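Participant: Provided herewith: target_0.cif, mmCIF, C-alpha atoms.
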```cif
data_coords
#
loop_
_atom_site.group_PDB
_atom_site.id
_atom_site.type_symbol
_atom_site.label_atom_id
_atom_site.label_comp_id
_atom_site.auth_asym_id
_atom_site.auth_seq_id
_atom_site.Cartn_x
_atom_site.Cartn_y
_atom_site.Cartn_z
ATOM 1 C CA MET A 769 18.991 11.089 1.460
ATOM 2 C CA THR A 770 20.885 12.637 -1.441
ATOM 3 C CA GLU A 771 19.740 10.106 -4.032
ATOM 4 C CA GLN A 772 16.376 8.628 -4.967
ATOM 5 C CA LEU A 773 15.754 5.054 -3.868
ATOM 6 C CA ARG A 774 14.886 2.920 -6.897
ATOM 7 C CA LEU A 775 13.432 -0.602 -7.005
ATOM 8 C CA MET A 776 13.092 -2.695 -10.178
ATOM 9 C CA ALA A 777 10.779 -5.734 -10.146
ATOM 10 C CA VAL A 778 11.387 -8.118 -13.071
ATOM 11 C CA HIS A 779 8.408 -10.313 -13.948
ATOM 12 C CA ALA A 780 7.534 -12.803 -16.650
ATOM 13 C CA HIS A 781 3.931 -11.852 -17.511
ATOM 14 C CA PRO A 782 1.387 -9.115 -16.848
ATOM 15 C CA ASP A 783 -0.344 -10.070 -13.552
ATOM 16 C CA ASP A 784 2.837 -11.511 -11.957
ATOM 17 C CA GLU A 785 3.650 -8.098 -10.506
ATOM 18 C CA SER A 786 0.292 -8.018 -8.710
ATOM 19 C CA SER A 787 0.542 -11.515 -7.208
ATOM 20 C CA LYS A 788 4.196 -11.310 -6.161
ATOM 21 C CA GLY A 789 5.423 -8.407 -4.077
ATOM 22 C CA ALA A 790 2.675 -5.936 -4.990
ATOM 23 C CA ALA A 791 2.078 -4.681 -1.452
ATOM 24 C CA THR A 792 5.830 -4.176 -1.036
ATOM 25 C CA MET A 793 5.963 -2.047 -4.173
ATOM 26 C CA ALA A 794 2.964 0.025 -3.096
ATOM 27 C CA LYS A 795 4.618 0.576 0.295
ATOM 28 C CA TYR A 796 7.818 1.877 -1.253
ATOM 29 C CA VAL A 797 5.915 4.098 -3.676
ATOM 30 C CA SER A 798 4.092 5.621 -0.688
ATOM 31 C CA GLU A 799 7.471 6.371 0.898
ATOM 32 C CA GLY A 800 8.718 8.201 -2.190
ATOM 33 C CA ALA A 801 10.806 5.472 -3.804
ATOM 34 C CA ASP A 802 10.811 5.108 -7.584
ATOM 35 C CA VAL A 803 9.508 1.651 -8.555
ATOM 36 C CA LEU A 804 9.683 0.156 -12.056
ATOM 37 C CA VAL A 805 8.092 -3.137 -13.119
ATOM 38 C CA VAL A 806 9.764 -4.750 -16.133
ATOM 39 C CA THR A 807 7.452 -7.283 -17.796
ATOM 40 C CA CYS A 808 9.307 -9.738 -20.020
ATOM 41 C CA THR A 809 6.377 -10.957 -22.167
ATOM 42 C CA GLY A 810 2.935 -9.798 -23.191
ATOM 43 C CA GLY A 811 1.159 -12.864 -21.811
ATOM 44 C CA GLU A 812 -0.061 -13.750 -25.290
ATOM 45 C CA ARG A 813 -0.407 -17.459 -24.545
ATOM 46 C CA GLY A 814 -1.957 -17.126 -21.118
ATOM 47 C CA SER A 815 -5.212 -18.956 -20.492
ATOM 48 C CA ILE A 816 -8.373 -17.085 -19.543
ATOM 49 C CA LEU A 817 -8.670 -18.161 -15.912
ATOM 50 C CA ASN A 818 -11.727 -16.135 -14.909
ATOM 51 C CA PRO A 819 -14.768 -18.377 -15.552
ATOM 52 C CA LYS A 820 -16.930 -15.308 -16.193
ATOM 53 C CA LEU A 821 -14.779 -14.321 -19.178
ATOM 54 C CA GLN A 822 -14.147 -17.734 -20.691
ATOM 55 C CA GLY A 823 -15.630 -18.123 -24.155
ATOM 56 C CA ASP A 824 -15.544 -14.392 -24.857
ATOM 57 C CA ALA A 825 -14.664 -14.245 -28.567
ATOM 58 C CA TYR A 826 -13.220 -10.715 -28.424
ATOM 59 C CA ILE A 827 -10.902 -11.526 -25.536
ATOM 60 C CA GLU A 828 -9.749 -14.760 -27.148
ATOM 61 C CA ALA A 829 -8.969 -12.939 -30.404
ATOM 62 C CA ASN A 830 -7.282 -9.954 -28.758
ATOM 63 C CA ILE A 831 -5.719 -11.403 -25.616
ATOM 64 C CA HIS A 832 -2.477 -9.439 -26.047
ATOM 65 C CA GLU A 833 -4.245 -6.065 -26.171
ATOM 66 C CA VAL A 834 -6.639 -7.031 -23.389
ATOM 67 C CA ARG A 835 -3.791 -7.991 -21.094
ATOM 68 C CA LYS A 836 -1.928 -4.797 -21.957
ATOM 69 C CA LYS A 837 -4.928 -2.746 -20.825
ATOM 70 C CA GLU A 838 -5.173 -4.829 -17.657
ATOM 71 C CA MET A 839 -1.507 -4.079 -16.983
ATOM 72 C CA ASP A 840 -2.131 -0.363 -17.474
ATOM 73 C CA GLU A 841 -4.892 -0.440 -14.873
ATOM 74 C CA ALA A 842 -2.827 -2.444 -12.366
ATOM 75 C CA ARG A 843 0.100 -0.070 -12.838
ATOM 76 C CA GLU A 844 -2.088 2.906 -11.974
ATOM 77 C CA ILE A 845 -3.460 1.178 -8.879
ATOM 78 C CA LEU A 846 0.017 0.308 -7.576
ATOM 79 C CA GLY A 847 1.480 3.697 -8.466
ATOM 80 C CA VAL A 848 4.490 2.132 -10.202
ATOM 81 C CA LYS A 849 6.095 2.645 -13.569
ATOM 82 C CA GLN A 850 6.034 -0.266 -16.003
ATOM 83 C CA GLU A 851 7.901 -1.178 -19.181
ATOM 84 C CA TRP A 852 7.796 -4.166 -21.526
ATOM 85 C CA LEU A 853 10.843 -6.183 -22.483
ATOM 86 C CA GLY A 854 9.056 -7.200 -25.681
ATOM 87 C CA PHE A 855 9.311 -10.991 -25.729
ATOM 88 C CA VAL A 856 6.538 -13.433 -26.674
ATOM 89 C CA ASP A 857 4.894 -15.615 -24.018
ATOM 90 C CA SER A 858 6.056 -19.247 -24.199
ATOM 91 C CA GLY A 859 2.887 -20.734 -22.730
ATOM 92 C CA LEU A 860 2.892 -23.478 -20.111
ATOM 93 C CA PRO A 861 3.599 -26.855 -21.749
ATOM 94 C CA GLU A 862 1.304 -29.627 -20.563
ATOM 95 C CA GLY A 863 1.183 -33.350 -21.252
ATOM 96 C CA ASP A 864 3.441 -36.376 -21.027
ATOM 97 C CA PRO A 865 5.739 -36.080 -22.820
ATOM 98 C CA LEU A 866 5.731 -32.278 -22.809
ATOM 99 C CA PRO A 867 5.305 -30.702 -26.254
ATOM 100 C CA PRO A 868 8.113 -28.558 -27.675
ATOM 101 C CA LEU A 869 8.055 -24.844 -26.944
ATOM 102 C CA PRO A 870 6.741 -22.641 -29.785
ATOM 103 C CA ASP A 871 9.234 -21.018 -32.152
ATOM 104 C CA GLY A 872 10.115 -17.449 -31.287
ATOM 105 C CA CYS A 873 8.992 -17.628 -27.680
ATOM 106 C CA PHE A 874 10.794 -16.022 -24.746
ATOM 107 C CA ALA A 875 12.076 -19.280 -23.256
ATOM 108 C CA LEU A 876 13.934 -20.101 -26.494
ATOM 109 C CA GLU A 877 15.629 -16.715 -26.831
ATOM 110 C CA ASP A 878 19.399 -16.572 -26.549
ATOM 111 C CA ASP A 879 20.224 -15.862 -22.884
ATOM 112 C CA GLU A 880 22.829 -13.195 -23.589
ATOM 113 C CA LYS A 881 20.712 -11.329 -26.122
ATOM 114 C CA ALA A 882 17.635 -11.459 -23.917
ATOM 115 C CA ALA A 883 19.644 -10.270 -20.923
ATOM 116 C CA GLY A 884 20.932 -7.393 -23.017
ATOM 117 C CA ARG A 885 17.461 -5.901 -23.203
ATOM 118 C CA LEU A 886 17.219 -6.048 -19.427
ATOM 119 C CA VAL A 887 20.700 -4.561 -19.057
ATOM 120 C CA ALA A 888 19.539 -1.555 -21.072
ATOM 121 C CA LYS A 889 16.535 -1.121 -18.736
ATOM 122 C CA ILE A 890 18.760 -1.398 -15.656
ATOM 123 C CA ARG A 891 21.270 1.122 -16.949
ATOM 124 C CA ALA A 892 18.521 3.594 -17.835
ATOM 125 C CA PHE A 893 16.584 3.274 -14.533
ATOM 126 C CA LYS A 894 19.598 2.737 -12.226
ATOM 127 C CA PRO A 895 17.935 0.616 -9.506
ATOM 128 C CA GLN A 896 19.797 -0.100 -6.301
ATOM 129 C CA VAL A 897 17.565 -3.150 -5.732
ATOM 130 C CA ILE A 898 16.141 -5.736 -8.141
ATOM 131 C CA THR A 899 13.565 -8.432 -7.375
ATOM 132 C CA THR A 900 13.048 -11.491 -9.580
ATOM 133 C CA TYR A 901 12.414 -15.264 -9.334
ATOM 134 C CA ASP A 902 14.633 -18.045 -8.016
ATOM 135 C CA GLU A 903 16.179 -20.729 -10.218
ATOM 136 C CA ASN A 904 12.939 -22.738 -10.096
ATOM 137 C CA GLY A 905 10.969 -19.737 -11.337
ATOM 138 C CA GLY A 906 8.816 -19.807 -8.210
ATOM 139 C CA TYR A 907 7.025 -22.531 -10.150
ATOM 140 C CA PRO A 908 8.415 -24.262 -13.242
ATOM 141 C CA HIS A 909 6.931 -22.091 -15.982
ATOM 142 C CA PRO A 910 9.572 -21.740 -18.723
ATOM 143 C CA ASP A 911 9.140 -17.955 -18.806
ATOM 144 C CA HIS A 912 9.671 -17.667 -15.049
ATOM 145 C CA ILE A 913 12.853 -19.718 -15.270
ATOM 146 C CA LYS A 914 14.036 -17.615 -18.209
ATOM 147 C CA THR A 915 13.290 -14.461 -16.207
ATOM 148 C CA HIS A 916 15.559 -15.765 -13.444
ATOM 149 C CA THR A 917 18.314 -16.564 -15.944
ATOM 150 C CA ILE A 918 18.401 -13.175 -17.626
ATOM 151 C CA SER A 919 18.027 -11.321 -14.321
ATOM 152 C CA MET A 920 21.145 -12.992 -12.959
ATOM 153 C CA ILE A 921 23.100 -12.209 -16.121
ATOM 154 C CA ALA A 922 21.875 -8.610 -16.172
ATOM 155 C CA PHE A 923 22.653 -7.957 -12.490
ATOM 156 C CA GLU A 924 26.340 -8.546 -13.217
ATOM 157 C CA GLY A 925 26.269 -7.459 -16.846
ATOM 158 C CA ALA A 926 24.845 -4.004 -16.198
ATOM 159 C CA ALA A 927 28.271 -3.002 -14.841
ATOM 160 C CA ASP A 928 30.280 -4.852 -17.509
ATOM 161 C CA THR A 929 30.891 -2.573 -20.493
ATOM 162 C CA GLU A 930 33.001 -5.156 -22.307
ATOM 163 C CA ARG A 931 30.167 -7.661 -22.267
ATOM 164 C CA PHE A 932 27.468 -5.058 -22.895
ATOM 165 C CA PRO A 933 29.074 -1.988 -24.559
ATOM 166 C CA GLU A 934 27.939 1.480 -23.492
ATOM 167 C CA ALA A 935 27.337 2.517 -27.091
ATOM 168 C CA GLU A 936 24.543 -0.059 -27.390
ATOM 169 C CA PHE A 937 23.250 -0.488 -23.849
ATOM 170 C CA GLY A 938 23.977 2.841 -22.120
ATOM 171 C CA PRO A 939 26.390 3.856 -19.338
ATOM 172 C CA ALA A 940 27.315 1.155 -16.839
ATOM 173 C CA TRP A 941 25.375 0.743 -13.582
ATOM 174 C CA GLN A 942 25.818 -1.758 -10.761
ATOM 175 C CA PRO A 943 22.707 -2.664 -8.721
ATOM 176 C CA GLN A 944 23.543 -3.339 -5.078
ATOM 177 C CA LYS A 945 21.091 -6.087 -4.114
ATOM 178 C CA LEU A 946 19.032 -8.786 -5.829
ATOM 179 C CA TYR A 947 16.161 -10.665 -4.196
ATOM 180 C CA TYR A 948 14.013 -13.639 -5.088
ATOM 181 C CA ASN A 949 10.282 -13.277 -4.486
ATOM 182 C CA GLN A 950 9.268 -15.912 -1.926
ATOM 183 C CA GLY A 951 5.738 -14.809 -1.030
ATOM 184 C CA PHE A 952 4.355 -18.323 -1.589
ATOM 185 C CA ASN A 953 6.213 -19.955 1.261
ATOM 186 C CA LYS A 954 5.254 -22.773 3.588
ATOM 187 C CA PRO A 955 5.567 -20.896 6.929
ATOM 188 C CA ARG A 956 3.135 -18.231 5.722
ATOM 189 C CA THR A 957 0.710 -20.790 4.303
ATOM 190 C CA VAL A 958 0.745 -22.910 7.476
ATOM 191 C CA ALA A 959 0.272 -19.842 9.685
ATOM 192 C CA LEU A 960 -2.721 -18.648 7.683
ATOM 193 C CA HIS A 961 -4.218 -22.147 7.485
ATOM 194 C CA GLU A 962 -3.946 -22.758 11.216
ATOM 195 C CA GLY A 963 -5.033 -19.230 12.053
ATOM 196 C CA LEU A 964 -8.191 -19.554 9.981
ATOM 197 C CA LEU A 965 -9.115 -22.902 11.526
ATOM 198 C CA ALA A 966 -8.492 -21.544 15.027
ATOM 199 C CA ARG A 967 -10.983 -18.775 14.279
ATOM 200 C CA GLY A 968 -13.577 -21.259 13.057
ATOM 201 C CA LEU A 969 -13.135 -20.105 9.454
ATOM 202 C CA GLU A 970 -12.722 -22.186 6.311
ATOM 203 C CA SER A 971 -9.168 -22.394 4.983
ATOM 204 C CA PRO A 972 -8.399 -22.523 1.237
ATOM 205 C CA TYR A 973 -4.931 -23.904 1.990
ATOM 206 C CA GLY A 974 -5.650 -27.413 3.260
ATOM 207 C CA GLU A 975 -5.596 -29.114 -0.132
ATOM 208 C CA TRP A 976 -2.409 -27.294 -1.135
ATOM 209 C CA LEU A 977 -0.622 -28.345 2.052
ATOM 210 C CA GLU A 978 -1.613 -31.968 1.480
ATOM 211 C CA ARG A 979 -0.457 -31.818 -2.117
ATOM 212 C CA VAL A 980 3.023 -30.449 -1.329
ATOM 213 C CA LYS A 981 3.647 -33.333 1.069
ATOM 214 C CA GLN A 982 4.052 -35.522 -2.028
ATOM 215 C CA PHE A 983 7.067 -33.578 -3.261
ATOM 216 C CA GLU A 984 10.588 -33.569 -1.876
ATOM 217 C CA ARG A 985 11.611 -29.937 -1.995
ATOM 218 C CA ALA A 986 13.953 -28.044 0.298
ATOM 219 C CA GLU A 987 12.487 -24.977 1.950
ATOM 220 C CA ARG A 988 13.854 -21.685 0.695
ATOM 221 C CA THR A 989 15.746 -19.396 3.040
ATOM 222 C CA LEU A 990 13.571 -16.405 3.895
ATOM 223 C CA THR A 991 15.877 -13.501 4.701
ATOM 224 C CA THR A 992 13.648 -10.452 4.413
ATOM 225 C CA TYR A 993 10.182 -9.762 5.793
ATOM 226 C CA VAL A 994 8.765 -6.458 4.551
ATOM 227 C CA PRO A 995 5.879 -5.099 6.700
ATOM 228 C CA CYS A 996 3.224 -4.003 4.218
ATOM 229 C CA ALA A 997 -0.156 -5.102 5.635
ATOM 230 C CA GLU A 998 -1.754 -1.691 5.081
ATOM 231 C CA PHE A 999 -1.190 -2.171 1.344
ATOM 232 C CA PHE A 1000 -2.845 -5.601 1.027
ATOM 233 C CA GLU A 1001 -6.048 -3.985 -0.248
ATOM 234 C CA ILE A 1002 -4.130 -2.167 -2.992
ATOM 235 C CA ARG A 1003 -2.427 -5.467 -3.872
ATOM 236 C CA ASP A 1004 -5.815 -7.170 -4.271
ATOM 237 C CA LYS A 1005 -7.239 -4.340 -6.365
ATOM 238 C CA ALA A 1006 -4.242 -4.535 -8.691
ATOM 239 C CA LEU A 1007 -4.646 -8.287 -9.015
ATOM 240 C CA LEU A 1008 -8.352 -7.937 -9.789
ATOM 241 C CA ALA A 1009 -7.441 -5.506 -12.572
ATOM 242 C CA HIS A 1010 -6.031 -8.540 -14.414
ATOM 243 C CA ALA A 1011 -9.587 -9.713 -14.936
ATOM 244 C CA THR A 1012 -8.754 -12.454 -17.461
ATOM 245 C CA GLN A 1013 -6.260 -14.032 -15.074
ATOM 246 C CA ILE A 1014 -8.050 -14.104 -11.734
ATOM 247 C CA ASP A 1015 -11.381 -15.418 -10.498
ATOM 248 C CA PRO A 1016 -12.759 -12.776 -8.105
ATOM 249 C CA ASP A 1017 -14.597 -15.562 -6.276
ATOM 250 C CA GLY A 1018 -11.541 -17.832 -6.101
ATOM 251 C CA GLY A 1019 -9.179 -18.833 -3.327
ATOM 252 C CA TRP A 1020 -7.039 -15.716 -3.624
ATOM 253 C CA PHE A 1021 -9.712 -13.653 -1.901
ATOM 254 C CA ARG A 1022 -11.210 -16.079 0.617
ATOM 255 C CA VAL A 1023 -9.069 -14.967 3.541
ATOM 256 C CA PRO A 1024 -10.396 -11.735 5.102
ATOM 257 C CA LEU A 1025 -7.877 -8.901 4.928
ATOM 258 C CA ASP A 1026 -8.069 -8.195 8.650
ATOM 259 C CA VAL A 1027 -7.164 -11.832 9.346
ATOM 260 C CA GLN A 1028 -4.237 -11.686 6.906
ATOM 261 C CA ARG A 1029 -2.977 -8.482 8.519
ATOM 262 C CA GLU A 1030 -3.145 -10.007 11.982
ATOM 263 C CA ILE A 1031 -1.599 -13.392 11.188
ATOM 264 C CA TRP A 1032 0.998 -12.560 8.534
ATOM 265 C CA PRO A 1033 1.530 -8.838 7.854
ATOM 266 C CA THR A 1034 4.634 -9.126 5.656
ATOM 267 C CA GLU A 1035 5.826 -10.143 2.189
ATOM 268 C CA GLU A 1036 8.907 -12.335 2.053
ATOM 269 C CA TYR A 1037 12.091 -12.387 0.001
ATOM 270 C CA GLU A 1038 15.328 -14.314 -0.277
ATOM 271 C CA LEU A 1039 18.455 -12.172 -0.547
ATOM 272 C CA ALA A 1040 20.408 -13.747 -3.412
ATOM 273 C CA LYS A 1041 23.116 -11.140 -4.050
ATOM 274 C CA SER A 1042 24.316 -8.187 -2.017
ATOM 275 C CA LEU A 1043 27.218 -5.805 -2.523
ATOM 276 C CA VAL A 1044 26.459 -3.975 0.719
ATOM 277 C CA ASP A 1045 26.671 -5.015 4.348
ATOM 278 C CA THR A 1046 23.364 -6.007 5.901
ATOM 279 C CA SER A 1047 22.163 -7.994 8.902
ATOM 280 C CA LEU A 1048 19.712 -10.866 8.487
ATOM 281 C CA PRO A 1049 16.831 -11.110 8.867
ATOM 282 C CA GLU A 1050 15.895 -7.809 7.251
ATOM 283 C CA SER A 1051 12.666 -5.819 7.194
ATOM 284 C CA ASP A 1052 13.680 -3.529 4.307
ATOM 285 C CA LEU A 1053 14.834 -4.302 0.761
ATOM 286 C CA PHE A 1054 16.978 -1.159 0.975
ATOM 287 C CA ALA A 1055 18.735 -2.243 4.177
ATOM 288 C CA GLY A 1056 22.401 -1.300 3.847
ATOM 289 C CA ILE A 1057 21.554 1.125 1.047
ATOM 290 C CA ARG A 1058 19.074 3.563 2.553
ATOM 291 C CA ASP A 1059 21.560 5.311 4.880
ATOM 292 C CA ASN A 1060 24.035 5.774 2.050
ATOM 293 C CA ALA A 1061 21.575 6.798 -0.671
#
```
Could I get this structure in the form of structure tokens?

Facilitator:
Amino acid sequence: MTEQLRLMAVHAHPDDESSKGAATMAKYVSEGADVLVVTCTGGERGSILNPKLQGDAYIEANIHEVRKKEMDEAREILGVKQEWLGFVDSGLPEGDPLPPLPDGCFALEDDEKAAGRLVAKIRAFKPQVITTYDENGGYPHPDHIKTHTISMIAFEGAADTERFPEAEFGPAWQPQKLYYNQGFNKPRTVALHEGLLARGLESPYGEWLERVKQFERAERTLTTYVPCAEFFEIRDKALLAHATQIDPDGGWFRVPLDVQREIWPTEEYELAKSLVDTSLPESDLFAGIRDNA
């Protein structure tokens, strides 16, 4: 190869990078690729989800700084680079009717202006591949949906110097491929659920599978299965570094790693945009790029 392979993962909050595509990133780092996580918000309005840390006055008063330190630790574990886009967490609205979003939050930012910040990151890092969320955000958090919106604008806009002038945003760059993270997919969940039961083990997925039966939702098209089972342990360590956001005794960690590796040893993606020729299904985010890099 004559040029470094570069992957940019665009996420809404600190901890998203460790629960979505973390083993893939660790795999590519181990192979010598340059991997940058761009985190859109500081997670300022995130709830403290670890029961052991709930009620901690210091954490509640300094959640932004606490989550920044958690991100630093996760970054080191994964071996990636990480930069902040600098927007403020919108929080997850709850209730019926839903309350209005708070003033100044990420989800209310102007799409073009918000995308401009991401364009500047893309032009500086020059990734061939970008990963982000689909139009539903993976789940309907306003910051995840906003992350999708600005990622799509920035993928095209990074090469458009009329829309985003070089003087302000840096020299033009065109990424070659854009993927949606689809790690939480039904085929994987069913395979793990049935595999656990067949082994006489308890499955944490039964309730989830029953719940999704109530919703009419088309299955996403999985195009890319990245083998990364040997990096599942690193993924889990990075996720545990976000101590305020994950219960170490929760469902995330109830499936033994050896069982996960045997039943479902990949992380999945949906190829949304490609400017290079590739054959589906893929096993490499850099398929169509690697030979020409």

Participant: Rank A:His1010, A:Arg813, A:His832, A:Arg988 by their smallest atom-to-atom distance to Tyr901 (chain A), using only C-alpha atoms, and report the top residue only.

Facilitator: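 Ranked by minimum distance to Tyr901 (chain A), first place goes to A:Arg988.
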
Participant: I'd like the contact shell of Pro861 (chain A) - 12 Å cut-off, all atoms listed in the file, skipping same-chain residues fewer than 2 positions apart - returned as a PyMOL selection string.

Facilitator: chain A and resi 813-815+857-859+863-870+875+908-911

Participant: Return as a PyMOL selection string the set of residues that the PyMOL selection byres ((chain A and resi 937-952) around 8) yields on the displayed structure.

Facilitator: chain A and resi 788-789+884-885+887-888+890-892+894-902+906+923-924+926-929+932-936+953-954+956-957+988+990+1035-1044+1057

Participant: Determine the residue membership of the PyMOL selection byres ((chain A and resi 810) around 9) for the file above and supply it as a list in words.

Facilitator: Ala780, His781, Pro782, Thr807, Cys808, Thr809, Gly811, Glu812, Arg813, His832, Glu833, Arg835, Lys836, Trp852, Leu853, Gly854, Phe855, Val856 and Asp857 of chain A

Participant: Record the distance separating CA of Ala922 (chain A) and CA of Ala1006 (chain A), expressed in Å with one decimal.

Facilitator: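 Taking CA of Ala922 (chain A) as the start and CA of Ala1006 (chain A) as the end point, the length is 27.5 Å.
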
Participant: Go through A:Ala882, A:Leu773, A:Val803, A:Leu965 one by one, measure the shortest atom-to-atom distance of each to Val848 (chain A) using only C-alpha atoms, and give the residue with the smallest value.

Facilitator: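 Among the listed residues, the smallest separation from Val848 (chain A) belongs to A:Val803.
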
Participant: Given the file shown, determine the residues that the PyMOL selection byres ((chain A and resi 917) around 9) selects; report them as a list in words.

Facilitator: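 That expression, the PyMOL selection byres ((chain A and resi 917) around 9), corresponds here to Asp879, Ala883, Tyr901, Asp902, Glu903, His912, Ile913, Lys914, Thr915, His916, Ile918, Ser919, Met920, Ile921 and Ala922 of chain A.
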
Participant: Can you work out the spacing between CA of Leu821 (chain A) and CA of Leu846 (chain A) in Å, to one decimal?

Facilitator: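 Calculated distance between CA of Leu821 (chain A) and CA of Leu846 (chain A) is 23.8 Å.
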
Participant: Which residues are close to Asp1026 (chain A), i.e. within 10 Å by only C-alpha atoms, leaving aside same-chain residues fewer than 6 positions away? Reply as a PDB file with C-alpha atoms, keeping the file's coordinate frame.

Facilitator:
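Contents of result_7.pdb, as written:
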```pdb
ATOM      1  CA  ALA A 997      -0.156  -5.102   5.635  1.00  0.00           C
ATOM      2  CA  GLU A 998      -1.754  -1.691   5.081  1.00  0.00           C
ATOM      3  CA  PHE A1000      -2.845  -5.601   1.027  1.00  0.00           C
ATOM      4  CA  PRO A1033       1.530  -8.838   7.854  1.00  0.00           C
TER       5      PRO A1033
END
```

Participant: Check the smallest atom-to-atom distance from each of A:Ala1055, A:Ala1011, A:Ala825, A:Ile1002 to Glu844 (chain A) using all atoms listed in the file, then report the winner.

Facilitator: A:Ile1002

Participant: Go ahead and compute the interatomic distance for CA of Glu838 (chain A) and CA of Leu1008 (chain A), in Å to one decimal.

Facilitator: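 Distance between the two atoms: 9.0 Å.
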
Participant: With distances taken over only C-alpha atoms, which of A:Lys849, A:Lys981, A:His779, A:Arg967 is nearest to Ala794 (chain A)?

Facilitator: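 Using only C-alpha atoms, Ala794 (chain A) sits closest to A:Lys849.
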
Participant: Provide an axis-aligned box for all listed atoms of region 935-952 of chain A, padding each side by 3 Å; report its centre and its edge lengths in Å to one decimal, as lines of an AutoDock Vina configuration file.

Facilitator:
```
center_x = 15.8
center_y = -7.2
center_z = -14.2
size_x = 29.0
size_y = 28.2
size_z = 32.4
```

Participant: Restricting the calculation to all atoms listed in the file, which member of A:Met776, A:His961, A:Leu860, A:Glu785 is positioned closest to Leu886 (chain A)?

Facilitator: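 Closest candidate: A:Met776.
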
Participant: Considering all atoms listed in the file, state which residue in the set A:Ile827, A:Ile816, A:Val1027, A:Cys996 is at the smallest distance from Thr792 (chain A).

Facilitator: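 Using all atoms listed in the file, Thr792 (chain A) sits closest to A:Cys996.
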